[in-house]
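Enquirer: First, the structure itself, so that you have it in front of you.
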Amino acid sequence: NNNKKIILYERVSTKMAKILMLVFAAILSVTLFGQEPIAKGGIIDLKNVNLNAETIKLRGEWKFFPNRYVNIENINIDKEFIIVKQPQYWQNIEYMGRKLHPVGYGTFVLNIEGLKPNTLYGISNDAVMSAYEMFANGKKIMEVGRVGKSKKEYDPGIQPKVGKIISNSDNITMVIYISNFDYPKAGMWESIEIGAYEIIEKKDQIRNMVEIFAF
């Protein structure tokens, strides 16, 4: 039994070492070749990024529709939004002269440009308070809990997730519906990441392994 445990530990350790090397290479490439791009005005341009070698945090200026679930078909023509920096709790966001209350709901939008058509990408989302649905070009790619416009309509949830995206063109419109009626903090409090699905998946495996060894 002890020998089996040792062999299993060695296999897990070897796999984890390989994954760590891949992730380290991705981090090093960002350090050597420049800073990560940052979203401006609800758009982030990734044309100068090799997403097969690194992952990018979708941070910067997103569009935000407070207390509204905007129909995805109208998302690029509806102008009733404000520009907010992400990640941050939305109670730090000022709207109509005052800071938002953590209880409520809303729609976040980011246009991602410079992608390669017909390529499989991964999206990693570790922290959204508290229920959300995420769409890419109108297709739902992940959800946690159930969003709603009241406490009765929604179910909360906090869970790291990985989703898949295949873009038919060089751009993706990402839409996230979020609602919170339970927690004192709301919104995206860590950056969502995008990269080649293989890299995103491996980073997720590292997190799961760390959690297993931690407990």
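Residues in the structure tokens are named by chain (A, B, ... in the order shown) and by number from 1 within that chain; ligands are numbered from 1 in the order shown.
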Can you list, as a compact mmCIF listing (two decimals) with all heavy atoms, in the first residue's frame, every protein, DNA or RNA residue that comes within 10 Å of Leu58 in chain A when you count only C-alpha atoms, leaving out same-chain residues fewer than 4 positions away?
Expert:
# COMPACT_ATOMS: atom_id res chain seq x y z
N GLU A 36 0.78 43.11 -20.40
CA GLU A 36 -0.48 42.62 -20.94
C GLU A 36 -1.32 43.78 -21.47
O GLU A 36 -1.29 44.87 -20.92
CB GLU A 36 -1.27 41.90 -19.85
CG GLU A 36 -0.67 40.58 -19.40
CD GLU A 36 -1.58 39.85 -18.43
OE1 GLU A 36 -2.63 40.42 -18.06
OE2 GLU A 36 -1.26 38.71 -18.07
N PRO A 37 -2.07 43.55 -22.54
CA PRO A 37 -2.99 44.59 -23.02
C PRO A 37 -4.09 44.84 -22.00
O PRO A 37 -4.46 43.95 -21.23
CB PRO A 37 -3.55 43.99 -24.31
CG PRO A 37 -3.36 42.53 -24.18
CD PRO A 37 -2.11 42.33 -23.37
N ILE A 38 -4.61 46.05 -22.00
CA ILE A 38 -5.66 46.45 -21.06
C ILE A 38 -6.85 46.97 -21.87
O ILE A 38 -6.68 47.69 -22.85
CB ILE A 38 -5.15 47.53 -20.09
CG1 ILE A 38 -4.01 46.97 -19.23
CG2 ILE A 38 -6.28 48.03 -19.19
CD1 ILE A 38 -3.39 48.00 -18.30
N ALA A 39 -8.03 46.61 -21.44
CA ALA A 39 -9.25 47.05 -22.13
C ALA A 39 -9.44 48.56 -21.99
O ALA A 39 -9.22 49.13 -20.93
CB ALA A 39 -10.46 46.32 -21.57
N ILE A 43 -13.30 47.65 -24.97
CA ILE A 43 -12.66 46.86 -26.03
C ILE A 43 -11.24 46.50 -25.60
O ILE A 43 -10.50 47.34 -25.09
CB ILE A 43 -12.60 47.64 -27.36
CG1 ILE A 43 -14.00 48.01 -27.83
CG2 ILE A 43 -11.87 46.83 -28.43
CD1 ILE A 43 -14.01 48.94 -29.04
N ILE A 44 -10.86 45.23 -25.83
CA ILE A 44 -9.47 44.82 -25.60
C ILE A 44 -8.96 44.17 -26.88
O ILE A 44 -9.64 43.34 -27.49
CB ILE A 44 -9.34 43.86 -24.40
CG1 ILE A 44 -7.88 43.60 -24.07
CG2 ILE A 44 -10.11 42.56 -24.61
CD1 ILE A 44 -7.66 42.93 -22.72
N TRP A 62 -14.52 48.01 -18.81
CA TRP A 62 -15.67 47.26 -19.34
C TRP A 62 -16.88 48.18 -19.42
O TRP A 62 -16.96 49.19 -18.72
CB TRP A 62 -16.01 46.10 -18.40
CG TRP A 62 -15.07 44.94 -18.39
CD1 TRP A 62 -13.73 44.96 -18.12
CD2 TRP A 62 -15.40 43.57 -18.61
NE1 TRP A 62 -13.21 43.70 -18.16
CE2 TRP A 62 -14.22 42.82 -18.45
CE3 TRP A 62 -16.59 42.91 -18.91
CZ2 TRP A 62 -14.19 41.43 -18.59
CZ3 TRP A 62 -16.57 41.52 -19.05
CH2 TRP A 62 -15.38 40.80 -18.90
N GLN A 86 -12.38 47.07 -14.30
CA GLN A 86 -12.51 45.73 -13.73
C GLN A 86 -11.13 45.10 -13.60
O GLN A 86 -10.26 45.34 -14.44
CB GLN A 86 -13.42 44.87 -14.61
CG GLN A 86 -14.87 45.30 -14.63
CD GLN A 86 -15.51 45.21 -13.26
OE1 GLN A 86 -15.45 44.19 -12.59
NE2 GLN A 86 -16.10 46.31 -12.83
N PRO A 87 -10.90 44.29 -12.57
CA PRO A 87 -11.88 43.85 -11.58
C PRO A 87 -12.03 44.84 -10.42
O PRO A 87 -11.08 45.53 -10.06
CB PRO A 87 -11.28 42.54 -11.07
CG PRO A 87 -9.80 42.76 -11.17
CD PRO A 87 -9.61 43.60 -12.41
N LEU A 110 -17.69 43.13 -22.66
CA LEU A 110 -16.35 43.41 -23.18
C LEU A 110 -16.23 42.83 -24.58
O LEU A 110 -16.56 41.67 -24.82
CB LEU A 110 -15.28 42.78 -22.28
CG LEU A 110 -13.83 43.04 -22.72
CD1 LEU A 110 -13.49 44.53 -22.57
CD2 LEU A 110 -12.87 42.18 -21.92
N ILE A 112 -13.76 41.55 -27.33
CA ILE A 112 -12.39 41.03 -27.44
C ILE A 112 -12.03 40.94 -28.91
O ILE A 112 -12.67 40.21 -29.68
CB ILE A 112 -12.28 39.65 -26.77
CG1 ILE A 112 -12.81 39.70 -25.33
CG2 ILE A 112 -10.84 39.15 -26.80
CD1 ILE A 112 -12.95 38.34 -24.69
N ILE A 123 -11.73 30.09 -21.22
CA ILE A 123 -12.01 31.21 -20.33
C ILE A 123 -11.99 30.67 -18.89
O ILE A 123 -12.63 29.66 -18.59
CB ILE A 123 -13.38 31.83 -20.61
CG1 ILE A 123 -13.39 32.52 -21.97
CG2 ILE A 123 -13.77 32.84 -19.52
CD1 ILE A 123 -12.60 33.80 -22.04
N GLU A 190 -11.92 39.39 -9.21
CA GLU A 190 -10.67 38.95 -9.82
C GLU A 190 -10.87 38.97 -11.34
O GLU A 190 -11.99 38.85 -11.82
CB GLU A 190 -10.25 37.56 -9.35
CG GLU A 190 -9.70 37.53 -7.93
CD GLU A 190 -9.14 36.17 -7.57
OE1 GLU A 190 -8.96 35.33 -8.48
OE2 GLU A 190 -8.89 35.93 -6.38
N SER A 191 -9.77 39.09 -12.07
CA SER A 191 -9.87 39.17 -13.52
C SER A 191 -10.20 37.83 -14.15
O SER A 191 -9.69 36.79 -13.73
CB SER A 191 -8.54 39.68 -14.12
OG SER A 191 -8.27 40.99 -13.71
N ILE A 192 -11.04 37.87 -15.17
CA ILE A 192 -11.29 36.70 -16.02
C ILE A 192 -10.09 36.55 -16.94
O ILE A 192 -9.50 37.53 -17.39
CB ILE A 192 -12.58 36.90 -16.82
CG1 ILE A 192 -13.77 36.96 -15.86
CG2 ILE A 192 -12.77 35.81 -17.86
CD1 ILE A 192 -15.04 37.43 -16.50
N GLU A 193 -9.70 35.30 -17.23
CA GLU A 193 -8.55 35.05 -18.10
C GLU A 193 -8.97 34.35 -19.38
O GLU A 193 -9.91 33.55 -19.39
CB GLU A 193 -7.51 34.17 -17.38
CG GLU A 193 -6.72 34.89 -16.30
CD GLU A 193 -5.60 34.04 -15.75
OE1 GLU A 193 -4.55 33.91 -16.43
OE2 GLU A 193 -5.76 33.49 -14.65
N ILE A 194 -8.24 34.64 -20.46
CA ILE A 194 -8.45 33.97 -21.74
C ILE A 194 -7.11 33.46 -22.24
O ILE A 194 -6.06 34.06 -22.00
CB ILE A 194 -9.10 34.91 -22.77
CG1 ILE A 194 -9.47 34.14 -24.04
CG2 ILE A 194 -8.20 36.11 -23.10
CD1 ILE A 194 -10.29 34.95 -25.04
Enquirer: So that I can check the surroundings of Val109 in chain A, please list as a list of chain:residue names every protein, DNA and RNA residue that reaches within 8 Å of it, counting only C-alpha atoms and ignoring chain neighbours fewer than 4 positions away.
Expert: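 Those residues are A:Gly42, A:Trp62, A:Lys63, A:Phe64, A:Ile75, A:Thr173, A:Met174, A:Val175, A:Ile176.
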Enquirer: Using only C-alpha atoms, please write the residues we just selected to a file, as a compact mmCIF listing (two decimals), in the first residue's frame.
Expert:
# COMPACT_ATOMS: atom_id res chain seq x y z
CA GLY A 42 -15.10 48.27 -23.45
CA TRP A 62 -15.67 47.26 -19.34
CA LYS A 63 -19.15 48.45 -20.23
CA PHE A 64 -21.60 48.13 -17.33
CA ILE A 75 -25.88 44.70 -26.53
CA THR A 173 -18.49 39.97 -27.55
CA MET A 174 -18.48 38.74 -23.95
CA VAL A 175 -21.62 39.40 -21.88
CA ILE A 176 -21.95 38.61 -18.17
Enquirer: Using only C-alpha atoms, can you tell me which of A:Leu46, A:Met96, A:Ala186, A:Val84 comes closest to Met129 in chain A?
Expert: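 Comparing A:Leu46, A:Met96, A:Ala186, A:Val84 against Met129 in chain A, the winner is A:Ala186.
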Enquirer: Go through range 41-100 of chain A and collect every residue that DSSP, computed from the backbone, puts in strand (DSSP E); the answer should be as a list in words.
Expert: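 Those in range 41-100 of chain A that DSSP calls strand (DSSP E) are Ile43, Ile44, Asp45, Ile56, Lys57, Gly60, Glu61, Trp62, Lys63, Phe64, Phe65, Pro66, Ile82, Ile83, Val84, Lys85, Gln86, Gln88, Tyr89, Glu94, Tyr95, Arg98 and Lys99 of chain A.
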Enquirer: Distance CA of Tyr183 in chain A-CA of Lys85 in chain A, one decimal place?
Expert: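 Straight-line distance from CA of Tyr183 in chain A to CA of Lys85 in chain A works out to 20.8 Å.
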Enquirer: Near Gly106 in chain A, within 6 Å and counting only C-alpha atoms, which residues show up once chain neighbours fewer than 2 positions away are dropped, as a PyMOL selection string?
Expert: chain A and resi 65-69+177-178
Enquirer: Deliver the residues from the most recent selection as a file, using N, CA, C and O atoms, as a compact mmCIF listing (two decimals), in the first residue's frame.
Expert:
# COMPACT_ATOMS: atom_id res chain seq x y z
N PHE A 65 -24.00 47.95 -17.34
CA PHE A 65 -25.39 48.40 -17.30
C PHE A 65 -25.94 48.10 -15.91
O PHE A 65 -26.35 46.97 -15.64
N PRO A 66 -25.93 49.08 -14.99
CA PRO A 66 -26.41 48.81 -13.63
C PRO A 66 -27.90 48.50 -13.59
O PRO A 66 -28.70 49.15 -14.26
N ASN A 67 -28.26 47.49 -12.81
CA ASN A 67 -29.66 47.11 -12.58
C ASN A 67 -30.44 46.86 -13.87
O ASN A 67 -31.62 47.17 -13.97
N ARG A 68 -29.73 46.28 -14.84
CA ARG A 68 -30.38 45.91 -16.10
C ARG A 68 -29.78 44.62 -16.64
O ARG A 68 -28.56 44.41 -16.57
N TYR A 69 -30.63 43.74 -17.18
CA TYR A 69 -30.19 42.62 -17.99
C TYR A 69 -30.47 42.98 -19.43
O TYR A 69 -31.62 42.95 -19.88
N TYR A 177 -24.10 38.44 -17.10
CA TYR A 177 -25.19 38.86 -16.22
C TYR A 177 -24.82 38.44 -14.79
O TYR A 177 -24.50 37.28 -14.55
N ILE A 178 -24.89 39.39 -13.86
CA ILE A 178 -24.55 39.11 -12.46
C ILE A 178 -25.66 39.61 -11.55
O ILE A 178 -26.22 40.69 -11.79
Enquirer: Compare A:Thr107, A:Asn168, A:Thr119, A:Gln91 by their minimum atom-to-atom distance to Leu51 in chain A, counting only C-alpha atoms, and give me the closest one.
Expert: A:Thr119
Enquirer: Looking at only C-alpha atoms, which of A:Asn111, A:Ala127, A:Asn118, A:Lys40 is the one that sits closest to Asn76 in chain A?
Expert: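 Under the stated criterion, the closest residue is A:Asn111.
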Enquirer: Counting only C-alpha atoms, what is within 9 Å of Ala196 in chain A, bar same-chain residues fewer than 6 positions away, as a list of chain:residue names?
Expert: A:Asn50, A:Leu51, A:Asn52, A:Ala53, A:Glu54, A:Thr55, A:Thr119, A:Leu120, A:Tyr121, A:Gly122, A:Ile123
Enquirer: Just to be explicit: take each residue in the selection above, keep C-alpha atoms, and write the result as a PDB file, in the first residue's frame.
Expert:
ATOM      1  CA  ASN A  50       0.246  34.720 -28.614  1.00  0.00           C
ATOM      2  CA  LEU A  51      -2.574  33.029 -26.735  1.00  0.00           C
ATOM      3  CA  ASN A  52      -1.005  29.643 -27.470  1.00  0.00           C
ATOM      4  CA  ALA A  53       1.876  30.598 -25.179  1.00  0.00           C
ATOM      5  CA  GLU A  54       0.250  32.732 -22.493  1.00  0.00           C
ATOM      6  CA  THR A  55      -3.025  33.691 -20.879  1.00  0.00           C
ATOM      7  CA  THR A 119      -9.635  28.524 -32.783  1.00  0.00           C
ATOM      8  CA  LEU A 120     -10.503  26.898 -29.468  1.00  0.00           C
ATOM      9  CA  TYR A 121      -9.996  29.291 -26.557  1.00  0.00           C
ATOM     10  CA  GLY A 122     -10.519  28.817 -22.861  1.00  0.00           C
ATOM     11  CA  ILE A 123     -12.009  31.209 -20.325  1.00  0.00           C
TER      12      ILE A 123
END
Enquirer: Counting only C-alpha atoms, what is within 8 Å of Gln88 in chain A, bar same-chain residues fewer than 6 positions away, as a PyMOL selection string?
Expert: chain A and resi 187-190
Enquirer: Can you work out which one of A:Phe135, A:Tyr105, A:Phe81, A:Tyr95 has the shortest atom-to-atom distance to Ile165 in chain A, counting only C-alpha atoms?
Expert: A:Phe135
Enquirer: Could you write out, as a list in words, all the residues of range 29-146 of chain A that DSSP marks as helix (DSSP H, G or I)?
Expert: Ser29, Val30, Thr31, Leu32, Phe33, Ile72, Glu73, Asn74, Trp90, Gln91 and Asn92 of chain A
Enquirer: What lies within 7 Å of Ile141 in chain A using only C-alpha atoms, ignoring chain neighbours under 6 positions off, as JSON, numbers by chain?
Expert: {"A": [134, 135, 163, 164]}
Enquirer: Give me the residues within 7 Å of Asn171 in chain A as an mmCIF file with N, CA and C atoms, in the first residue's frame, counting only C-alpha atoms and dropping any in the same chain fewer than 6 places off.
Expert:
data_model
loop_
_atom_site.group_PDB
_atom_site.id
_atom_site.type_symbol
_atom_site.label_atom_id
_atom_site.label_comp_id
_atom_site.auth_asym_id
_atom_site.auth_seq_id
_atom_site.Cartn_x
_atom_site.Cartn_y
_atom_site.Cartn_z
ATOM 1 N N ILE A 112 -13.755 41.553 -27.331
ATOM 2 C CA ILE A 112 -12.390 41.034 -27.442
ATOM 3 C C ILE A 112 -12.031 40.940 -28.913
ATOM 4 N N GLU A 113 -10.999 41.670 -29.323
ATOM 5 C CA GLU A 113 -10.587 41.709 -30.727
ATOM 6 C C GLU A 113 -9.207 41.084 -30.909
ATOM 7 N N GLY A 114 -8.868 40.794 -32.168
ATOM 8 C CA GLY A 114 -7.545 40.274 -32.486
ATOM 9 C C GLY A 114 -7.385 38.782 -32.275
ATOM 10 N N LEU A 115 -8.487 38.030 -32.286
ATOM 11 C CA LEU A 115 -8.423 36.582 -32.114
ATOM 12 C C LEU A 115 -8.261 35.887 -33.465
#
